[in-house]
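With mmCIF, N, CA and C atoms inside, this is coords_33.cif:
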data_structure
loop_
_atom_site.label_atom_id
_atom_site.label_comp_id
_atom_site.auth_asym_id
_atom_site.auth_seq_id
_atom_site.Cartn_x
_atom_site.Cartn_y
_atom_site.Cartn_z
N MET A 689 0.83 -1.18 0.00
CA MET A 689 0.00 0.00 0.00
C MET A 689 0.89 1.25 0.00
N ASN A 690 0.53 2.25 -0.79
CA ASN A 690 1.29 3.49 -0.85
C ASN A 690 1.28 4.18 0.51
N ASN A 691 2.46 4.64 0.93
CA ASN A 691 2.51 5.39 2.18
C ASN A 691 3.70 6.35 2.17
N LEU A 692 3.68 7.27 3.08
CA LEU A 692 4.67 8.34 3.09
C LEU A 692 5.98 7.95 3.76
N PHE A 693 6.14 6.69 4.15
CA PHE A 693 7.44 6.21 4.59
C PHE A 693 8.27 5.75 3.39
N GLU A 694 7.67 5.60 2.23
CA GLU A 694 8.37 5.16 1.02
C GLU A 694 9.01 6.35 0.32
N ALA A 695 10.31 6.26 0.10
CA ALA A 695 11.05 7.35 -0.55
C ALA A 695 10.46 7.70 -1.92
N ALA A 696 10.00 6.69 -2.65
CA ALA A 696 9.43 6.95 -3.99
C ALA A 696 8.14 7.76 -3.88
N ARG A 697 7.35 7.53 -2.86
CA ARG A 697 6.11 8.30 -2.69
C ARG A 697 6.42 9.73 -2.26
N VAL A 698 7.43 9.90 -1.42
CA VAL A 698 7.83 11.25 -1.02
C VAL A 698 8.27 12.03 -2.25
N LYS A 699 9.11 11.42 -3.07
CA LYS A 699 9.59 12.08 -4.30
C LYS A 699 8.41 12.41 -5.21
N GLU A 700 7.50 11.47 -5.37
CA GLU A 700 6.33 11.68 -6.22
C GLU A 700 5.50 12.88 -5.78
N VAL A 701 5.15 12.95 -4.48
CA VAL A 701 4.28 14.05 -4.04
C VAL A 701 5.00 15.39 -4.16
N LYS A 702 6.30 15.40 -3.93
CA LYS A 702 7.04 16.66 -4.07
C LYS A 702 7.09 17.11 -5.53
N GLN A 703 7.26 16.16 -6.45
CA GLN A 703 7.24 16.51 -7.87
C GLN A 703 5.87 17.04 -8.27
N ARG A 704 4.82 16.43 -7.77
CA ARG A 704 3.47 16.89 -8.08
C ARG A 704 3.20 18.26 -7.46
N MET A 705 3.68 18.47 -6.24
CA MET A 705 3.51 19.78 -5.59
C MET A 705 4.20 20.87 -6.40
N ALA A 706 5.34 20.56 -6.98
CA ALA A 706 6.09 21.54 -7.78
C ALA A 706 5.30 22.01 -9.00
N GLN A 707 4.34 21.21 -9.43
CA GLN A 707 3.53 21.58 -10.59
C GLN A 707 2.41 22.57 -10.25
N LEU A 708 2.11 22.73 -8.97
CA LEU A 708 1.05 23.65 -8.56
C LEU A 708 1.46 25.10 -8.83
N ARG A 709 0.51 25.88 -9.26
CA ARG A 709 0.69 27.31 -9.47
C ARG A 709 -0.39 28.04 -8.67
N PRO A 710 -0.17 29.31 -8.33
CA PRO A 710 -1.19 30.04 -7.57
C PRO A 710 -2.56 30.03 -8.25
N ASN A 711 -2.55 29.98 -9.58
CA ASN A 711 -3.82 30.01 -10.32
C ASN A 711 -4.25 28.63 -10.82
N SER A 712 -3.64 27.55 -10.30
CA SER A 712 -4.07 26.21 -10.70
C SER A 712 -5.56 26.07 -10.40
N GLU A 713 -6.28 25.59 -11.40
CA GLU A 713 -7.72 25.47 -11.28
C GLU A 713 -8.10 24.23 -10.48
N ARG A 714 -9.00 24.42 -9.53
CA ARG A 714 -9.43 23.26 -8.73
C ARG A 714 -10.53 22.51 -9.46
N VAL A 715 -10.54 21.22 -9.26
CA VAL A 715 -11.54 20.35 -9.86
C VAL A 715 -12.75 20.26 -8.92
N TRP A 716 -12.51 20.37 -7.64
CA TRP A 716 -13.59 20.36 -6.64
C TRP A 716 -13.10 21.13 -5.42
N GLY A 717 -14.00 21.39 -4.51
CA GLY A 717 -13.65 21.99 -3.22
C GLY A 717 -13.62 23.50 -3.23
N GLN A 718 -13.18 24.06 -2.12
CA GLN A 718 -13.20 25.50 -1.90
C GLN A 718 -11.81 26.14 -1.84
N MET A 719 -10.80 25.36 -1.44
CA MET A 719 -9.48 25.93 -1.20
C MET A 719 -8.72 26.23 -2.49
N ASN A 720 -7.86 27.24 -2.40
CA ASN A 720 -6.93 27.48 -3.50
C ASN A 720 -5.68 26.64 -3.23
N PRO A 721 -4.71 26.59 -4.17
CA PRO A 721 -3.54 25.72 -3.97
C PRO A 721 -2.75 26.00 -2.68
N ALA A 722 -2.54 27.27 -2.36
CA ALA A 722 -1.77 27.59 -1.15
C ALA A 722 -2.51 27.14 0.11
N GLN A 723 -3.81 27.35 0.14
CA GLN A 723 -4.60 26.90 1.29
C GLN A 723 -4.58 25.38 1.41
N ALA A 724 -4.64 24.69 0.27
CA ALA A 724 -4.62 23.22 0.29
C ALA A 724 -3.29 22.71 0.85
N LEU A 725 -2.19 23.34 0.48
CA LEU A 725 -0.89 22.91 1.02
C LEU A 725 -0.80 23.21 2.51
N ALA A 726 -1.32 24.35 2.94
CA ALA A 726 -1.33 24.67 4.38
C ALA A 726 -2.19 23.64 5.13
N HIS A 727 -3.30 23.27 4.55
CA HIS A 727 -4.19 22.25 5.12
C HIS A 727 -3.46 20.92 5.23
N CYS A 728 -2.72 20.54 4.20
CA CYS A 728 -1.96 19.28 4.22
C CYS A 728 -0.85 19.33 5.28
N SER A 729 -0.24 20.49 5.46
CA SER A 729 0.78 20.64 6.52
C SER A 729 0.16 20.36 7.88
N ARG A 730 -1.03 20.89 8.09
CA ARG A 730 -1.71 20.65 9.37
C ARG A 730 -2.01 19.16 9.55
N GLY A 731 -2.32 18.47 8.47
CA GLY A 731 -2.56 17.03 8.54
C GLY A 731 -1.31 16.28 8.98
N ILE A 732 -0.16 16.65 8.43
CA ILE A 732 1.08 15.98 8.82
C ILE A 732 1.43 16.32 10.26
N GLU A 733 1.10 17.54 10.68
CA GLU A 733 1.31 17.90 12.09
C GLU A 733 0.48 17.01 13.01
N LEU A 734 -0.70 16.59 12.56
CA LEU A 734 -1.49 15.62 13.34
C LEU A 734 -0.71 14.32 13.50
N ALA A 735 -0.21 13.80 12.40
CA ALA A 735 0.50 12.52 12.42
C ALA A 735 1.76 12.58 13.27
N LEU A 736 2.39 13.73 13.32
CA LEU A 736 3.62 13.91 14.11
C LEU A 736 3.31 14.18 15.58
N GLY A 737 2.06 14.51 15.89
CA GLY A 737 1.69 14.82 17.27
C GLY A 737 1.83 16.28 17.62
N ASP A 738 2.09 17.14 16.62
CA ASP A 738 2.18 18.58 16.87
C ASP A 738 0.81 19.20 17.11
N ARG A 739 -0.22 18.57 16.58
CA ARG A 739 -1.62 18.99 16.79
C ARG A 739 -2.35 17.80 17.37
N THR A 740 -3.18 18.05 18.36
CA THR A 740 -3.90 16.95 19.01
C THR A 740 -5.37 17.32 19.24
N PRO A 741 -6.14 17.41 18.15
CA PRO A 741 -7.55 17.76 18.32
C PRO A 741 -8.31 16.64 19.03
N PRO A 742 -9.42 16.99 19.69
CA PRO A 742 -10.21 15.97 20.37
C PRO A 742 -10.93 15.06 19.38
N ARG A 743 -11.35 13.90 19.85
CA ARG A 743 -12.13 12.98 19.03
C ARG A 743 -13.47 13.61 18.70
N ALA A 744 -13.90 13.44 17.46
CA ALA A 744 -15.21 13.93 17.01
C ALA A 744 -16.26 12.90 17.39
N LEU A 745 -17.44 13.35 17.73
CA LEU A 745 -18.52 12.44 18.13
C LEU A 745 -18.81 11.43 17.04
N LEU A 746 -18.93 11.89 15.80
CA LEU A 746 -19.22 10.97 14.69
C LEU A 746 -18.10 9.93 14.54
N GLY A 747 -16.87 10.36 14.73
CA GLY A 747 -15.74 9.44 14.66
C GLY A 747 -15.81 8.39 15.76
N ARG A 748 -16.22 8.80 16.94
CA ARG A 748 -16.35 7.83 18.04
C ARG A 748 -17.40 6.78 17.71
N ILE A 749 -18.40 7.18 16.96
CA ILE A 749 -19.51 6.27 16.64
C ILE A 749 -19.16 5.35 15.48
N ILE A 750 -18.64 5.92 14.37
CA ILE A 750 -18.42 5.09 13.17
C ILE A 750 -16.98 5.03 12.68
N GLY A 751 -16.07 5.78 13.30
CA GLY A 751 -14.69 5.85 12.83
C GLY A 751 -14.01 4.50 12.71
N ARG A 752 -14.21 3.63 13.70
CA ARG A 752 -13.56 2.32 13.69
C ARG A 752 -14.07 1.46 12.54
N MET A 753 -15.33 1.64 12.16
CA MET A 753 -15.89 0.86 11.05
C MET A 753 -15.43 1.40 9.69
N VAL A 754 -15.25 2.70 9.59
CA VAL A 754 -14.87 3.33 8.33
C VAL A 754 -13.36 3.18 8.07
N LYS A 755 -12.57 3.10 9.12
CA LYS A 755 -11.11 3.06 8.99
C LYS A 755 -10.62 2.01 8.00
N PRO A 756 -11.05 0.74 8.08
CA PRO A 756 -10.53 -0.25 7.11
C PRO A 756 -10.96 0.05 5.68
N LEU A 757 -12.11 0.66 5.50
CA LEU A 757 -12.57 1.03 4.16
C LEU A 757 -11.72 2.15 3.58
N ALA A 758 -11.31 3.09 4.42
CA ALA A 758 -10.53 4.23 3.97
C ALA A 758 -9.05 3.93 3.84
N LEU A 759 -8.53 3.08 4.72
CA LEU A 759 -7.08 2.87 4.78
C LEU A 759 -6.63 1.48 4.36
N GLY A 760 -7.57 0.61 4.04
CA GLY A 760 -7.22 -0.76 3.74
C GLY A 760 -6.95 -1.05 2.28
N ASN A 761 -6.80 -0.02 1.46
CA ASN A 761 -6.57 -0.21 0.02
C ASN A 761 -5.90 1.03 -0.55
N ASP A 762 -5.55 0.98 -1.82
CA ASP A 762 -4.92 2.13 -2.47
C ASP A 762 -5.92 3.02 -3.20
N GLU A 763 -7.20 2.83 -2.93
CA GLU A 763 -8.23 3.70 -3.55
C GLU A 763 -8.02 5.13 -3.07
N PRO A 764 -8.14 6.10 -3.98
CA PRO A 764 -8.00 7.50 -3.54
C PRO A 764 -9.17 7.93 -2.66
N MET A 765 -8.93 8.96 -1.88
CA MET A 765 -10.00 9.53 -1.05
C MET A 765 -11.06 10.12 -1.97
N ARG A 766 -12.28 10.10 -1.51
CA ARG A 766 -13.39 10.65 -2.30
C ARG A 766 -13.35 12.17 -2.30
N ARG A 767 -13.84 12.73 -3.38
CA ARG A 767 -13.97 14.19 -3.48
C ARG A 767 -14.87 14.69 -2.35
N ASN A 768 -14.54 15.90 -1.86
CA ASN A 768 -15.33 16.55 -0.82
C ASN A 768 -15.48 15.69 0.43
N SER A 769 -14.46 14.89 0.72
CA SER A 769 -14.47 14.11 1.96
C SER A 769 -14.49 15.07 3.15
N PRO A 770 -15.15 14.67 4.24
CA PRO A 770 -15.17 15.55 5.42
C PRO A 770 -13.76 15.74 5.98
N THR A 771 -13.56 16.85 6.66
CA THR A 771 -12.24 17.15 7.21
C THR A 771 -12.33 17.46 8.70
N VAL A 772 -11.23 17.31 9.36
CA VAL A 772 -11.11 17.70 10.77
C VAL A 772 -11.16 19.22 10.81
N LYS A 773 -12.06 19.79 11.61
CA LYS A 773 -12.24 21.24 11.55
C LYS A 773 -10.98 22.02 11.91
N GLU A 774 -10.10 21.44 12.72
CA GLU A 774 -8.84 22.10 13.07
C GLU A 774 -7.88 22.19 11.90
N LEU A 775 -8.16 21.47 10.83
CA LEU A 775 -7.28 21.51 9.66
C LEU A 775 -7.75 22.49 8.59
N VAL A 776 -8.92 23.07 8.78
CA VAL A 776 -9.48 23.99 7.79
C VAL A 776 -8.63 25.26 7.72
N VAL A 777 -8.32 25.68 6.49
CA VAL A 777 -7.55 26.91 6.25
C VAL A 777 -8.40 27.81 5.36
N GLN A 778 -8.74 29.00 5.86
CA GLN A 778 -9.58 29.90 5.08
C GLN A 778 -8.89 31.22 4.75
N ASP A 779 -7.81 31.54 5.48
CA ASP A 779 -7.12 32.80 5.20
C ASP A 779 -6.21 32.63 3.98
N GLU A 780 -5.81 33.74 3.41
CA GLU A 780 -4.95 33.71 2.22
C GLU A 780 -3.53 33.30 2.61
N ARG A 781 -2.90 32.52 1.76
CA ARG A 781 -1.55 32.04 1.99
C ARG A 781 -0.73 32.25 0.72
N GLU A 782 0.59 32.16 0.87
CA GLU A 782 1.50 32.30 -0.26
C GLU A 782 1.97 30.90 -0.64
N LEU A 783 1.81 30.54 -1.90
CA LEU A 783 2.06 29.17 -2.36
C LEU A 783 3.50 28.72 -2.09
N GLY A 784 4.48 29.53 -2.43
CA GLY A 784 5.87 29.13 -2.24
C GLY A 784 6.20 28.85 -0.78
N THR A 785 5.71 29.69 0.10
CA THR A 785 5.93 29.51 1.53
C THR A 785 5.29 28.22 2.02
N GLU A 786 4.05 27.97 1.59
CA GLU A 786 3.34 26.77 2.03
C GLU A 786 3.95 25.51 1.43
N ARG A 787 4.42 25.59 0.20
CA ARG A 787 5.07 24.43 -0.42
C ARG A 787 6.35 24.07 0.35
N GLU A 788 7.15 25.08 0.68
CA GLU A 788 8.40 24.86 1.42
C GLU A 788 8.11 24.28 2.80
N ARG A 789 7.12 24.82 3.48
CA ARG A 789 6.76 24.32 4.81
C ARG A 789 6.30 22.87 4.73
N LEU A 790 5.45 22.55 3.76
CA LEU A 790 4.95 21.18 3.63
C LEU A 790 6.07 20.22 3.27
N CYS A 791 6.96 20.61 2.38
CA CYS A 791 8.10 19.75 2.04
C CYS A 791 8.93 19.44 3.28
N GLY A 792 9.14 20.43 4.13
CA GLY A 792 9.89 20.21 5.37
C GLY A 792 9.18 19.24 6.30
N LEU A 793 7.87 19.36 6.41
CA LEU A 793 7.10 18.45 7.27
C LEU A 793 7.09 17.03 6.70
N ILE A 794 6.99 16.91 5.38
CA ILE A 794 7.04 15.59 4.74
C ILE A 794 8.40 14.94 5.03
N ASP A 795 9.47 15.71 4.88
CA ASP A 795 10.81 15.17 5.16
C ASP A 795 10.93 14.76 6.62
N ARG A 796 10.42 15.56 7.51
CA ARG A 796 10.47 15.25 8.94
C ARG A 796 9.71 13.96 9.25
N PHE A 797 8.52 13.84 8.66
CA PHE A 797 7.68 12.64 8.87
C PHE A 797 8.40 11.40 8.34
N ALA A 798 8.89 11.47 7.11
CA ALA A 798 9.55 10.32 6.49
C ALA A 798 10.83 9.94 7.24
N ALA A 799 11.62 10.93 7.65
CA ALA A 799 12.88 10.65 8.34
C ALA A 799 12.63 10.04 9.72
N ALA A 800 11.58 10.47 10.39
CA ALA A 800 11.28 9.96 11.73
C ALA A 800 10.81 8.51 11.67
N GLY A 801 10.20 8.14 10.55
CA GLY A 801 9.72 6.76 10.40
C GLY A 801 8.63 6.42 11.39
N PRO A 802 8.37 5.14 11.56
CA PRO A 802 7.27 4.71 12.43
C PRO A 802 7.35 5.24 13.86
N GLU A 803 8.57 5.39 14.37
CA GLU A 803 8.72 5.88 15.75
C GLU A 803 8.30 7.34 15.90
N GLY A 804 8.23 8.07 14.80
CA GLY A 804 7.89 9.49 14.86
C GLY A 804 6.41 9.78 14.87
N CYS A 805 5.59 8.77 14.65
CA CYS A 805 4.14 8.98 14.60
C CYS A 805 3.56 9.13 16.00
N THR A 806 2.55 9.94 16.09
CA THR A 806 1.88 10.16 17.36
C THR A 806 1.13 8.91 17.82
N THR A 807 0.92 8.84 19.11
CA THR A 807 0.04 7.81 19.66
C THR A 807 -1.32 8.42 20.00
N HIS A 808 -1.43 9.74 19.82
CA HIS A 808 -2.71 10.42 20.03
C HIS A 808 -3.70 9.93 18.98
N PRO A 809 -4.93 9.62 19.35
CA PRO A 809 -5.88 9.11 18.35
C PRO A 809 -6.25 10.17 17.32
N HIS A 810 -6.46 9.72 16.09
CA HIS A 810 -6.98 10.58 15.03
C HIS A 810 -8.39 11.00 15.45
N SER A 811 -8.78 12.21 15.14
CA SER A 811 -10.06 12.72 15.63
C SER A 811 -11.26 11.97 15.08
N PHE A 812 -11.12 11.34 13.90
CA PHE A 812 -12.23 10.56 13.34
C PHE A 812 -11.99 9.06 13.47
N PHE A 813 -10.83 8.58 13.03
CA PHE A 813 -10.56 7.15 12.96
C PHE A 813 -10.17 6.53 14.29
N GLY A 814 -9.74 7.32 15.25
CA GLY A 814 -9.26 6.79 16.52
C GLY A 814 -7.80 6.40 16.42
N ARG A 815 -7.40 5.42 17.21
CA ARG A 815 -6.00 4.99 17.23
C ARG A 815 -5.57 4.48 15.86
N LEU A 816 -4.40 4.93 15.39
CA LEU A 816 -3.83 4.47 14.14
C LEU A 816 -2.44 3.92 14.40
N THR A 817 -2.09 2.88 13.67
CA THR A 817 -0.71 2.40 13.70
C THR A 817 0.14 3.37 12.90
N SER A 818 1.45 3.25 13.02
CA SER A 818 2.35 4.09 12.23
C SER A 818 2.12 3.90 10.74
N GLU A 819 1.91 2.65 10.32
CA GLU A 819 1.65 2.37 8.90
C GLU A 819 0.33 3.01 8.45
N GLU A 820 -0.67 2.99 9.30
CA GLU A 820 -1.95 3.63 8.96
C GLU A 820 -1.77 5.14 8.84
N TRP A 821 -0.98 5.75 9.74
CA TRP A 821 -0.70 7.18 9.62
C TRP A 821 0.00 7.48 8.30
N ALA A 822 0.99 6.65 7.95
CA ALA A 822 1.76 6.88 6.73
C ALA A 822 0.88 6.72 5.49
N THR A 823 -0.02 5.76 5.52
CA THR A 823 -0.97 5.57 4.41
C THR A 823 -1.92 6.75 4.32
N LEU A 824 -2.46 7.17 5.46
CA LEU A 824 -3.39 8.30 5.48
C LEU A 824 -2.71 9.58 4.98
N MET A 825 -1.47 9.79 5.39
CA MET A 825 -0.77 11.01 4.95
C MET A 825 -0.56 11.00 3.44
N TYR A 826 -0.18 9.85 2.87
CA TYR A 826 -0.03 9.79 1.42
C TYR A 826 -1.38 10.03 0.74
N LYS A 827 -2.42 9.34 1.21
CA LYS A 827 -3.73 9.48 0.58
C LYS A 827 -4.23 10.93 0.66
N HIS A 828 -3.97 11.59 1.78
CA HIS A 828 -4.42 12.96 1.96
C HIS A 828 -3.70 13.90 0.99
N LEU A 829 -2.38 13.74 0.88
CA LEU A 829 -1.63 14.56 -0.07
C LEU A 829 -2.09 14.29 -1.51
N ASP A 830 -2.23 13.02 -1.85
CA ASP A 830 -2.70 12.65 -3.19
C ASP A 830 -4.07 13.26 -3.48
N HIS A 831 -4.96 13.22 -2.50
CA HIS A 831 -6.31 13.76 -2.64
C HIS A 831 -6.26 15.25 -3.02
N HIS A 832 -5.44 16.01 -2.30
CA HIS A 832 -5.40 17.45 -2.58
C HIS A 832 -4.59 17.80 -3.82
N LEU A 833 -3.65 16.97 -4.18
CA LEU A 833 -2.96 17.21 -5.46
C LEU A 833 -3.90 16.90 -6.63
N ARG A 834 -4.68 15.82 -6.51
CA ARG A 834 -5.67 15.50 -7.56
C ARG A 834 -6.74 16.60 -7.60
N GLN A 835 -6.99 17.26 -6.50
CA GLN A 835 -7.97 18.35 -6.47
C GLN A 835 -7.59 19.44 -7.48
N PHE A 836 -6.29 19.56 -7.75
CA PHE A 836 -5.82 20.56 -8.70
C PHE A 836 -5.25 19.94 -9.98
N GLY A 837 -5.57 18.68 -10.20
CA GLY A 837 -5.20 18.03 -11.45
C GLY A 837 -3.74 17.68 -11.58
N VAL A 838 -3.01 17.61 -10.47
CA VAL A 838 -1.59 17.22 -10.53
C VAL A 838 -1.34 15.95 -9.75
#

Written as structure tokens, how would this file's structure read?
Amino acid sequence: MNNLFEAARVKEVKQRMAQLRPNSERVWGQMNPAQALAHCSRGIELALGDRTPPRALLGRIIGRMVKPLALGNDEPMRRNSPTVKELVVQDERELGTERERLCGLIDRFAAAGPEGCTTHPHSFFGRLTSEEWATLMYKHLDHHLRQFGV
């Protein structure tokens, strides 16, 4: 399964990120490219334990059942998938700054490996293994890059 511990996947997402432009047209959603990269940075901060939002009620109810469907295959995330409200970015951002920040977080995540992942539960899915975090991080990045056709 594709995950962000694989050097080839790290290289791939960085190459795709390099194709983003401030005016890249979105296929779905509300965010512009810079906001999407800032949003993805916040996601990696979750996996690293830098952000620790509380469990969502809906996640407590169905998160454990949805987790294998979302993380048990290489299927891409669905368009307009719900997001953790703490990851929402609505203010204006600068694409180059956000790309550099996200690349640094990706490198930090990949270099830390499984030991670098948080033990704090994901706000929707609950407890994740390091491999599940790495899979989710790849899928999340892929989702937002596909949002802009890259």

**Item:** Who sits within 6.5 Å of Arg752 (chain A), only N, CA and C atoms, same chain under 6 positions skipped, as an MDAnalysis selection string
**Value:** chainID A and resid 812:814

**Request:** Between A:Ala758, A:Ala695, A:Val715, A:Ala706, single out the one closest to Phe836 (chain A), counting all atoms listed in the file.
**Result:** A:Val715

Write out as JSON lines the residues of region 748-776 of chain A that have any atom within 12 Å of an atom of region 718-741 of chain A, one row each with the nearest atom pair and its distance in Å to one decimal, counting only C-alpha atoms, sorted by chain and then rising number.
{"residue": "A:Arg767", "atom": "CA", "partner": "A:Gln718", "partner_atom": "CA", "distance": 11.4}
{"residue": "A:Asn768", "atom": "CA", "partner": "A:Gln718", "partner_atom": "CA", "distance": 9.3}
{"residue": "A:Thr771", "atom": "CA", "partner": "A:His727", "partner_atom": "CA", "distance": 9.8}
{"residue": "A:Val772", "atom": "CA", "partner": "A:Pro741", "partner_atom": "CA", "distance": 8.3}
{"residue": "A:Lys773", "atom": "CA", "partner": "A:Pro741", "partner_atom": "CA", "distance": 8.9}
{"residue": "A:Glu774", "atom": "CA", "partner": "A:Pro741", "partner_atom": "CA", "distance": 6.9}
{"residue": "A:Leu775", "atom": "CA", "partner": "A:His727", "partner_atom": "CA", "distance": 5.5}
{"residue": "A:Val776", "atom": "CA", "partner": "A:His727", "partner_atom": "CA", "distance": 6.2}

**Message:** On this structure, the PyMOL selection byres ((chain A and resi 747) around 8) would catch which residues? List them as an MDAnalysis selection string, sorted by chain and number.
**Reply:** chainID A and resid 743:746 748:753 810:814

**Item:** Residue IDs satisfying the PyMOL selection byres (((chain A and resi 707 and name CA) around 12) and name CA), as a list of chain:residue names
**Value:** A:Glu700, A:Val701, A:Lys702, A:Gln703, A:Arg704, A:Met705, A:Ala706, A:Leu708, A:Arg709, A:Pro710, A:Asn711, A:Ser712, A:Glu713, A:Pro721, A:Leu783, A:Gly784, A:Arg787, A:Leu833, A:Arg834, A:Phe836, A:Gly837, A:Val838

**Request:** Could you please determine the separation between CA of Glu819 (chain A) and CA of Thr785 (chain A) in Å, to one decimal place?
**Result:**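 Interatomic distance here is 28.4 Å.
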
**Message:** To test your reading of the structure, identify every residue in region 789-828 of chain A that backbone DSSP assigns to helix (DSSP H, G or I), and report it as a list of chain:residue names.
**Reply:**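 Here is the list: A:Arg789, A:Leu790, A:Cys791, A:Gly792, A:Leu793, A:Ile794, A:Asp795, A:Arg796, A:Phe797, A:Ala798, A:Ala799, A:Ala800, A:Gly801, A:Pro802, A:Glu803, A:Gly804, A:Ser818, A:Glu819, A:Glu820, A:Trp821, A:Ala822, A:Thr823, A:Leu824, A:Met825, A:Tyr826, A:Lys827, A:His828.
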
Could you write out that same residue set with N, CA and C atoms as a short mmCIF file (atom, residue, chain, number, x, y, z; two decimals), in the coordinates of the input?
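Output file selection35.cif is given in full below:
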data_model
loop_
_atom_site.label_atom_id
_atom_site.label_comp_id
_atom_site.auth_asym_id
_atom_site.auth_seq_id
_atom_site.Cartn_x
_atom_site.Cartn_y
_atom_site.Cartn_z
N ARG A 789 7.12 24.82 3.48
CA ARG A 789 6.76 24.32 4.81
C ARG A 789 6.30 22.87 4.73
N LEU A 790 5.45 22.55 3.76
CA LEU A 790 4.95 21.18 3.63
C LEU A 790 6.07 20.22 3.27
N CYS A 791 6.96 20.61 2.38
CA CYS A 791 8.10 19.75 2.04
C CYS A 791 8.93 19.44 3.28
N GLY A 792 9.14 20.43 4.13
CA GLY A 792 9.89 20.21 5.37
C GLY A 792 9.18 19.24 6.30
N LEU A 793 7.87 19.36 6.41
CA LEU A 793 7.10 18.45 7.27
C LEU A 793 7.09 17.03 6.70
N ILE A 794 6.99 16.91 5.38
CA ILE A 794 7.04 15.59 4.74
C ILE A 794 8.40 14.94 5.03
N ASP A 795 9.47 15.71 4.88
CA ASP A 795 10.81 15.17 5.16
C ASP A 795 10.93 14.76 6.62
N ARG A 796 10.42 15.56 7.51
CA ARG A 796 10.47 15.25 8.94
C ARG A 796 9.71 13.96 9.25
N PHE A 797 8.52 13.84 8.66
CA PHE A 797 7.68 12.64 8.87
C PHE A 797 8.40 11.40 8.34
N ALA A 798 8.89 11.47 7.11
CA ALA A 798 9.55 10.32 6.49
C ALA A 798 10.83 9.94 7.24
N ALA A 799 11.62 10.93 7.65
CA ALA A 799 12.88 10.65 8.34
C ALA A 799 12.63 10.04 9.72
N ALA A 800 11.58 10.47 10.39
CA ALA A 800 11.28 9.96 11.73
C ALA A 800 10.81 8.51 11.67
N GLY A 801 10.20 8.14 10.55
CA GLY A 801 9.72 6.76 10.40
C GLY A 801 8.63 6.42 11.39
N PRO A 802 8.37 5.14 11.56
CA PRO A 802 7.27 4.71 12.43
C PRO A 802 7.35 5.24 13.86
N GLU A 803 8.57 5.39 14.37
CA GLU A 803 8.72 5.88 15.75
C GLU A 803 8.30 7.34 15.90
N GLY A 804 8.23 8.07 14.80
CA GLY A 804 7.89 9.49 14.86
C GLY A 804 6.41 9.78 14.87
N SER A 818 1.45 3.25 13.02
CA SER A 818 2.35 4.09 12.23
C SER A 818 2.12 3.90 10.74
N GLU A 819 1.91 2.65 10.32
CA GLU A 819 1.65 2.37 8.90
C GLU A 819 0.33 3.01 8.45
N GLU A 820 -0.67 2.99 9.30
CA GLU A 820 -1.95 3.63 8.96
C GLU A 820 -1.77 5.14 8.84
N TRP A 821 -0.98 5.75 9.74
CA TRP A 821 -0.70 7.18 9.62
C TRP A 821 0.00 7.48 8.30
N ALA A 822 0.99 6.65 7.95
CA ALA A 822 1.76 6.88 6.73
C ALA A 822 0.88 6.72 5.49
N THR A 823 -0.02 5.76 5.52
CA THR A 823 -0.97 5.57 4.41
C THR A 823 -1.92 6.75 4.32
N LEU A 824 -2.46 7.17 5.46
CA LEU A 824 -3.39 8.30 5.48
C LEU A 824 -2.71 9.58 4.98
N MET A 825 -1.47 9.79 5.39
CA MET A 825 -0.77 11.01 4.95
C MET A 825 -0.56 11.00 3.44
N TYR A 826 -0.18 9.85 2.87
CA TYR A 826 -0.03 9.79 1.42
C TYR A 826 -1.38 10.03 0.74
N LYS A 827 -2.42 9.34 1.21
CA LYS A 827 -3.73 9.48 0.58
C LYS A 827 -4.23 10.93 0.66
N HIS A 828 -3.97 11.59 1.78
CA HIS A 828 -4.42 12.96 1.96
C HIS A 828 -3.70 13.90 0.99
#

**Prompt:** What separation in Å, quoted to one decimal, exists between CA of Arg796 (chain A) and CA of Asp830 (chain A)?
**Reply:**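 So the answer is 18.1 Å.
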
**Item:** Nearest residue to His832 (chain A) from the set A:Arg766, A:Val698, A:Gln778, A:Asn691 (distances using only C-alpha atoms)
**Value:**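 Smallest distance to His832 (chain A) is found for A:Arg766.
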
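Atom C of Tyr826 (chain A) sits 10.7 Å away from atom N of Leu759 (chain A).
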
**Residue nearest Cys805 (chain A) among A:Leu790, A:Trp821, A:Leu692, A:Lys699 (counting all atoms listed in the file)** =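 Closest candidate: A:Trp821.
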
**Message:** Taking all atoms listed in the file into account, name the residue in A:Arg714, A:Pro742, A:Met765, A:Ala798 that is nearest to Glu694 (chain A).
**Reply:**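 Among A:Arg714, A:Pro742, A:Met765, A:Ala798, it is A:Ala798 that comes nearest to Glu694 (chain A).
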